[in-house]
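Below is one structure, written out as structure tokens; comments come after it.
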Amino acid sequence: MDVENVLSEARKYLPEEKLEFIRSAYDFAARAHEGQLRASGEPYLDHPLNVALTLIELQLDPATIAAALLHDVVEDCDVQLSEIEAQFGPDVAKLVDGVTKLRRLSIRTEEQEIESKLQAENLRKLLMATADDLRVVLVKLADRHHNMRTLGALPLAKRRAIARQTLDVYAPLAHRLGLRRMKWQLEDLAFRYLEPKQYRRFTRLIATNRAQREDFVDEAMVALSEELNRADIKARVLGRPKHIYSTYLKAARYAEMGKTFGDIHDLFALRVLVDTVSDCYKALGVIHNFWHPMIEEFNDYIANPKENGYQSLHTTVLCKGTTPIEVQIRTHEMNQVAAFGVAAHWHYKEGSKPDRTMDGRMAWLQDLSERRDEIDSEEFVESLKTDVLTDQVFVYTPKGEIVDLPAGATPLDFAFRIHSDLGYRCIGAKVNGKLVQLNQALKNGDVISIMSSKTERGPSMDWLNPELGYVKTSHGRSKVRQWFNKQERSQAIDTGRQMLERGLSRLAIAVPGADKLATKLGYPSVDDFYLAMGRGNITVSQVAAKLSSDIEVPEKPIPVSAPKRAGSGSVRVLGVGDLYTRMAQCCNPLPGDEIIGYITQGRGVTVHRQDCPNVINEVEKERLVAVDWGNVEQVYPVKLQIDSWERMGLVRDISAVIAEAGVNITDIGFARAGDGVAVLNVDVEVTSTAQLSKLLAKIQSLWSVINVVRKGDTIVKEQVSR
């Protein structure tokens, strides 16, 4: 790479005096990096030159190009930031400083999670820099783009770590900024190092019959061009190849549907470029008249742009009667935005501020910037992954304003996105004019109306329960936690105590002493534990899971002798080996419960819960033996009692929830308790306490349900089989 190549490309849109400014930055970088080599053996200066060339392709301003050439001199050379500011001005110095701070972004290895504190803090810096000055992250993306092209010189473990981080963070970030070309290139390069066998396989598959497919697309391009000319529409028709990683993902989706790679017909697509928006819709009419459209595959991103500013008409038609082919229709200006994203809007002029016309499209950056002091680094990364680098749905306010939310978001997420106070006052929601539950997932095009109280009611702790699914976004959960964190400490402690007792009682789980439980969960005191519970920092489900995973058994199992038989494989008798076992009918233990065995005469071992009254009151303690759960591959009967206000469809709704949870009902009984309260006794078969916990939470969330508990402690005592 030579500086003259860089200047030649920059000359296409920059005046000559600006080229001298860029040349002086190159000369400074050349002196600073003199004698330095990259891991590949190439001169180090090749790297900043390639980064600068990538940004010139985006037609960025001279200050950004200069910063690209200088972005490594402070970190890797004996150069102070003050020297750069003195020679190139504060704007360039600020950009170099921003990129230098991001340079140390830690690399996630396969053993390290992205949520590590150092990684989290550096990712926060990355996005905060984006919000402060978009040019910083554009330089960083260009830097990562060239590093990915030269990744082969690094050790295998480091290649994989950088590629994984690129696929998880940088490619989605490029997509969110509308840099589609860079996003595709980063994905393909990362795929090459993460899945080299699959990469080679799909490269070969795409190449196979490529000439035949290209001939087909060429014929379609000529035919469509002639048809548009006959309609007096000035248009340029292009062929658009599918990229390797996107083809791999599509093949994976096809495989789930029982289809093969050969069923993918749209490895190539057509793009139609016209002069005006009106011509876009005229061209659409011509295409649908010329080829049969697949209406379910039509999307209008002109009337409803994506959150990154992308606009286009997408349609799929049956070319030559049977072969699906995708056609994208857009103006030349839209095509620039599709290729270069926000950079297409980021024009700098002497003495003026950046053009901020795209601020509405980049509202997520503004939101992150405003929240920088509200959340810690690890919560920030959770927000990044769940609220930013995910698929989006686009919904409307009653006034017709578009709000983008992560896929799976609920009316409560919508309320908190509009305003925190609206979320706190929310008592119901309408979607498209119909009342819905607050945990219903929103869909593209939904119109959301939030019903609110006149006074602040405050959120429900159930909103933080992930099993109930009320609040899916990190932003919404953060606002709910903030509300509880502002409550009086004593009130939060009382709330936490009540939540724990009520939740574990529903699951019929024996609770160890409060001091022991707090210590087991890593809290210094009981009050600190209840406070965390009351403020939503830990849920009942998490406590139940911890109790289930820390089953205690006697240190010295009582030796027993009994005739060996082939057991069910679900329970293991400690210190003895396989014995015939069966579940006690008096307490119906489940995998995850603390259990103990009772040796019967000639009938093997009966397995009870440790808190079963029959076991506690047993006189012949020598018959008790330590057992634990082995490989669980069966279902277990559980009796549930559901108290609810009487209403039409109650049994139907409860049965539907149980069926959706994949749980079988073996018996159901209905009784009236008076005062309009109905009692349902339902026998079900579950595989574990985890499945039971989710089922109880879903039943509890049903309208009119007062309480639901697992029966067992109140069952009439039966004689233990001897």
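Chain lettering (A, B, ...) mirrors the order of the structure tokens, residue numbering begins at 1 for each chain separately, and ligand numbering begins at 1 in order of display.
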Next on the checklist: At a cut-off of 9 Å, using only C-alpha atoms, what residues contact A:Ala661? Leave out same-chain residues fewer than 2 positions from it and give the result as a PyMOL selection string.
Outcome noted: chain A and resi 656-659+663-664+691+694-695+698
Include C-alpha atoms and write out the residues we just selected as a PDB file, in the first residue's frame.
```
ATOM      1  CA  ALA A 656     -53.890 -24.518  28.012  1.00  0.00           C
ATOM      2  CA  VAL A 657     -51.041 -23.088  30.103  1.00  0.00           C
ATOM      3  CA  ILE A 658     -50.122 -26.554  31.388  1.00  0.00           C
ATOM      4  CA  ALA A 659     -50.212 -27.987  27.858  1.00  0.00           C
ATOM      5  CA  VAL A 663     -46.676 -30.976  31.043  1.00  0.00           C
ATOM      6  CA  ASN A 664     -49.215 -33.820  31.130  1.00  0.00           C
ATOM      7  CA  GLN A 691     -40.010 -27.322  35.049  1.00  0.00           C
ATOM      8  CA  LYS A 694     -41.814 -22.323  35.500  1.00  0.00           C
ATOM      9  CA  LEU A 695     -45.236 -23.962  35.405  1.00  0.00           C
ATOM     10  CA  LYS A 698     -47.130 -19.234  34.421  1.00  0.00           C
TER      11      LYS A 698
END
```
Each residue of stretch 278-310 of chain A lying at most 8 Å from stretch 324-336 of chain A should get a row with its shortest atom-to-atom pair and the distance in Å to one decimal, counting only C-alpha atoms; could you produce that, ordered by chain and increasing number, as CSV?
```
residue,atom,partner,partner_atom,distance
A:Cys280,CA,A:Ile329,CA,5.9
A:Ala283,CA,A:Ile329,CA,7.6
A:Leu284,CA,A:Ile329,CA,7.3
A:Tyr310,CA,A:Met334,CA,7.2
```
Write out as a compact mmCIF listing (two decimals) with N, CA and C atoms, in the first residue's frame each polymer residue whose atoms come within 9 Å of A:Asp683, counting only C-alpha atoms; drop sequence neighbours fewer than 4 positions from it.
```txt
# COMPACT_ATOMS: atom_id res chain seq x y z
N PRO A 637 -45.14 -37.60 39.37
CA PRO A 637 -46.45 -37.02 39.66
C PRO A 637 -46.36 -35.91 40.70
N VAL A 638 -47.11 -34.85 40.49
CA VAL A 638 -47.17 -33.73 41.43
C VAL A 638 -48.62 -33.29 41.55
N LYS A 639 -49.04 -32.99 42.77
CA LYS A 639 -50.39 -32.50 43.00
C LYS A 639 -50.34 -30.99 43.21
N LEU A 640 -51.15 -30.27 42.46
CA LEU A 640 -51.22 -28.82 42.57
C LEU A 640 -52.58 -28.40 43.09
N GLN A 641 -52.59 -27.36 43.92
CA GLN A 641 -53.85 -26.74 44.33
C GLN A 641 -53.86 -25.31 43.82
N ASN A 664 -48.03 -32.98 31.29
CA ASN A 664 -49.21 -33.82 31.13
C ASN A 664 -50.11 -33.72 32.36
N ILE A 665 -51.43 -33.60 32.15
CA ILE A 665 -52.41 -33.61 33.24
C ILE A 665 -52.96 -35.03 33.37
N THR A 666 -52.89 -35.59 34.60
CA THR A 666 -53.42 -36.94 34.82
C THR A 666 -54.78 -36.92 35.52
N ASP A 667 -55.08 -35.82 36.24
CA ASP A 667 -56.38 -35.74 36.90
C ASP A 667 -56.64 -34.27 37.24
N ILE A 668 -57.91 -33.89 37.27
CA ILE A 668 -58.28 -32.53 37.62
C ILE A 668 -59.63 -32.55 38.33
N GLY A 669 -59.69 -31.80 39.42
CA GLY A 669 -60.92 -31.72 40.19
C GLY A 669 -61.27 -30.27 40.48
```
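Within the 12 Å cut-off around stretch 153-155 of chain A, using only C-alpha atoms and omitting residues fewer than 3 positions from it on the same chain, the listed residues are A:Arg38, A:Ala39, A:Ser40, A:Gly41, A:Glu42, A:Asn147, A:Met148, A:Arg149, A:Thr150, A:Lys158, A:Arg159, A:Arg160, A:Ala161, A:Ile162, A:Ala163, A:Tyr193.
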Item to check | strand (DSSP E or B) call set, DSSP backbone run, stretch 174-291 of chain A, as a ChimeraX atom specification | outcome: /A:236-241,268-274
Store the residues picked out above, limited to N, CA and C atoms, as a compact mmCIF listing (two decimals), in the first residue's frame.
```txt
# COMPACT_ATOMS: atom_id res chain seq x y z
N ARG A 236 -31.33 1.37 -13.31
CA ARG A 236 -30.14 0.55 -13.46
C ARG A 236 -30.37 -0.76 -12.71
N VAL A 237 -30.26 -1.89 -13.40
CA VAL A 237 -30.53 -3.20 -12.80
C VAL A 237 -29.21 -3.91 -12.58
N LEU A 238 -28.99 -4.35 -11.34
CA LEU A 238 -27.74 -5.01 -10.97
C LEU A 238 -28.02 -6.39 -10.40
N GLY A 239 -27.05 -7.27 -10.50
CA GLY A 239 -27.12 -8.57 -9.82
C GLY A 239 -26.43 -8.46 -8.47
N ARG A 240 -26.98 -9.09 -7.44
CA ARG A 240 -26.40 -8.99 -6.10
C ARG A 240 -26.14 -10.39 -5.56
N PRO A 241 -24.87 -10.78 -5.42
CA PRO A 241 -24.57 -12.12 -4.90
C PRO A 241 -24.81 -12.21 -3.40
N PHE A 268 -28.44 -15.44 -5.70
CA PHE A 268 -28.25 -14.15 -6.36
C PHE A 268 -29.59 -13.43 -6.36
N ALA A 269 -29.54 -12.12 -6.31
CA ALA A 269 -30.77 -11.32 -6.33
C ALA A 269 -30.56 -10.14 -7.24
N LEU A 270 -31.65 -9.43 -7.52
CA LEU A 270 -31.58 -8.25 -8.38
C LEU A 270 -31.77 -6.99 -7.55
N ARG A 271 -31.06 -5.93 -7.94
CA ARG A 271 -31.23 -4.63 -7.32
C ARG A 271 -31.55 -3.62 -8.42
N VAL A 272 -32.62 -2.86 -8.21
CA VAL A 272 -33.06 -1.87 -9.18
C VAL A 272 -32.84 -0.48 -8.58
N LEU A 273 -32.03 0.35 -9.25
CA LEU A 273 -31.74 1.70 -8.78
C LEU A 273 -32.43 2.71 -9.70
N VAL A 274 -33.22 3.60 -9.08
CA VAL A 274 -33.97 4.61 -9.84
C VAL A 274 -33.68 6.00 -9.25
```
Item to check | Atomic distance atom CA of A:Arg253 - atom CA of A:Thr410, expressed in Å with one decimal | outcome: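 Value for the atom CA of A:Arg253-atom CA of A:Thr410 distance: 25.8 Å.
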Item to check | A:Leu53 surroundings by only C-alpha atoms, 10 Å radius, close-in-sequence under 6 positions cut, as number ranges by chain | outcome: A: 1, 3, 5-7, 9-10, 47, 59, 65, 68-69, 142
Quick one: write out the picked residues with C-alpha atoms as a PDB file, in the first residue's frame?
```pdb
ATOM      1  CA  MET A   1       0.000   0.000   0.000  1.00  0.00           C
ATOM      2  CA  VAL A   3       0.264   6.863   0.195  1.00  0.00           C
ATOM      3  CA  ASN A   5      -3.055   5.258  -3.716  1.00  0.00           C
ATOM      4  CA  VAL A   6      -4.740   6.772  -0.671  1.00  0.00           C
ATOM      5  CA  LEU A   7      -4.430  10.333  -1.964  1.00  0.00           C
ATOM      6  CA  GLU A   9      -8.889   7.940  -3.927  1.00  0.00           C
ATOM      7  CA  ALA A  10      -9.312  10.947  -1.623  1.00  0.00           C
ATOM      8  CA  HIS A  47      -2.069  -0.912   8.526  1.00  0.00           C
ATOM      9  CA  GLN A  59     -15.979   9.635   1.979  1.00  0.00           C
ATOM     10  CA  ILE A  65      -8.583  10.333   7.551  1.00  0.00           C
ATOM     11  CA  ALA A  68      -6.825   6.959  10.873  1.00  0.00           C
ATOM     12  CA  LEU A  69      -3.219   7.470   9.768  1.00  0.00           C
ATOM     13  CA  ALA A 142     -12.075   0.246   9.851  1.00  0.00           C
TER      14      ALA A 142
END
```
Next on the checklist: Could you check the closest approach to A:Arg623 for each of A:Thr203, A:Gln87, A:Asn299, A:Thr606 and tell me which residue wins, using only C-alpha atoms?
Outcome noted: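 Of A:Thr203, A:Gln87, A:Asn299, A:Thr606, the one nearest A:Arg623 is A:Thr606, counting only C-alpha atoms.
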Item to check | Between atom CA of A:Ile418 and atom CA of A:Trp483, distance in Å (one decimal) | outcome: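 For atom CA of A:Ile418 relative to atom CA of A:Trp483, the distance reads 16.4 Å.
By chain and then residue number, the residues within 12 Å of A:Ile616 are Ile595, Ile596, Tyr598, His608, Arg609, Gln610, Asp611, Cys612, Pro613, Val619, Glu620, Lys621, Leu624, Asp713, Lys717 and Val720 of chain A, counting only C-alpha atoms and disregarding those fewer than 3 positions away in sequence.
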Take the residues that were just selected and, keeping N, CA and C atoms, output them as an mmCIF file, in the first residue's frame.
```cif
data_model
loop_
_atom_site.group_PDB
_atom_site.id
_atom_site.type_symbol
_atom_site.label_atom_id
_atom_site.label_comp_id
_atom_site.auth_asym_id
_atom_site.auth_seq_id
_atom_site.Cartn_x
_atom_site.Cartn_y
_atom_site.Cartn_z
ATOM 1 N N ILE A 595 -33.714 -35.580 49.180
ATOM 2 C CA ILE A 595 -34.404 -36.860 49.349
ATOM 3 C C ILE A 595 -33.635 -37.782 50.283
ATOM 4 N N ILE A 596 -34.333 -38.803 50.757
ATOM 5 C CA ILE A 596 -33.728 -39.839 51.598
ATOM 6 C C ILE A 596 -34.455 -41.146 51.304
ATOM 7 N N TYR A 598 -35.877 -45.090 52.286
ATOM 8 C CA TYR A 598 -36.369 -45.932 53.390
ATOM 9 C C TYR A 598 -36.369 -47.374 52.907
ATOM 10 N N HIS A 608 -38.261 -40.799 49.695
ATOM 11 C CA HIS A 608 -39.087 -39.729 50.256
ATOM 12 C C HIS A 608 -38.341 -38.407 50.172
ATOM 13 N N ARG A 609 -39.098 -37.304 50.242
ATOM 14 C CA ARG A 609 -38.469 -36.017 50.494
ATOM 15 C C ARG A 609 -37.977 -35.991 51.933
ATOM 16 N N GLN A 610 -36.860 -35.313 52.195
ATOM 17 C CA GLN A 610 -36.288 -35.306 53.539
ATOM 18 C C GLN A 610 -37.201 -34.633 54.553
ATOM 19 N N ASP A 611 -38.091 -33.724 54.064
ATOM 20 C CA ASP A 611 -38.991 -33.056 54.995
ATOM 21 C C ASP A 611 -40.353 -33.748 55.073
ATOM 22 N N CYS A 612 -40.449 -34.966 54.528
ATOM 23 C CA CYS A 612 -41.697 -35.719 54.573
ATOM 24 C C CYS A 612 -42.017 -36.077 56.029
ATOM 25 N N PRO A 613 -43.249 -35.813 56.521
ATOM 26 C CA PRO A 613 -43.601 -36.149 57.909
ATOM 27 C C PRO A 613 -43.384 -37.618 58.240
ATOM 28 N N VAL A 619 -39.572 -44.068 63.478
ATOM 29 C CA VAL A 619 -38.932 -44.561 64.713
ATOM 30 C C VAL A 619 -37.667 -45.349 64.387
ATOM 31 N N GLU A 620 -37.729 -46.213 63.353
ATOM 32 C CA GLU A 620 -36.588 -47.074 63.014
ATOM 33 C C GLU A 620 -35.636 -46.314 62.086
ATOM 34 N N LYS A 621 -34.811 -45.437 62.690
ATOM 35 C CA LYS A 621 -33.917 -44.594 61.903
ATOM 36 C C LYS A 621 -32.891 -45.398 61.105
ATOM 37 N N LEU A 624 -33.288 -45.790 57.356
ATOM 38 C CA LEU A 624 -33.077 -44.657 56.449
ATOM 39 C C LEU A 624 -31.700 -44.748 55.821
ATOM 40 N N ASP A 713 -47.042 -31.278 51.864
ATOM 41 C CA ASP A 713 -46.930 -31.181 53.313
ATOM 42 C C ASP A 713 -48.277 -31.402 53.996
ATOM 43 N N LYS A 717 -51.198 -38.368 56.376
ATOM 44 C CA LYS A 717 -50.073 -39.287 56.567
ATOM 45 C C LYS A 717 -50.488 -40.715 56.248
ATOM 46 N N VAL A 720 -45.725 -46.015 56.188
ATOM 47 C CA VAL A 720 -44.592 -46.336 55.335
ATOM 48 C C VAL A 720 -44.603 -47.831 55.046
#
```
Next on the checklist: Residues near A:Leu318, anyone? I mean within 10 Å using only C-alpha atoms, not counting same-chain ones fewer than 4 positions away, as a list of chain:residue names.
Outcome noted: A:His288, A:Phe290, A:Trp291, A:His292, A:Pro293, A:Met294, A:Thr322, A:Thr323, A:Pro324, A:Ile325, A:Glu326
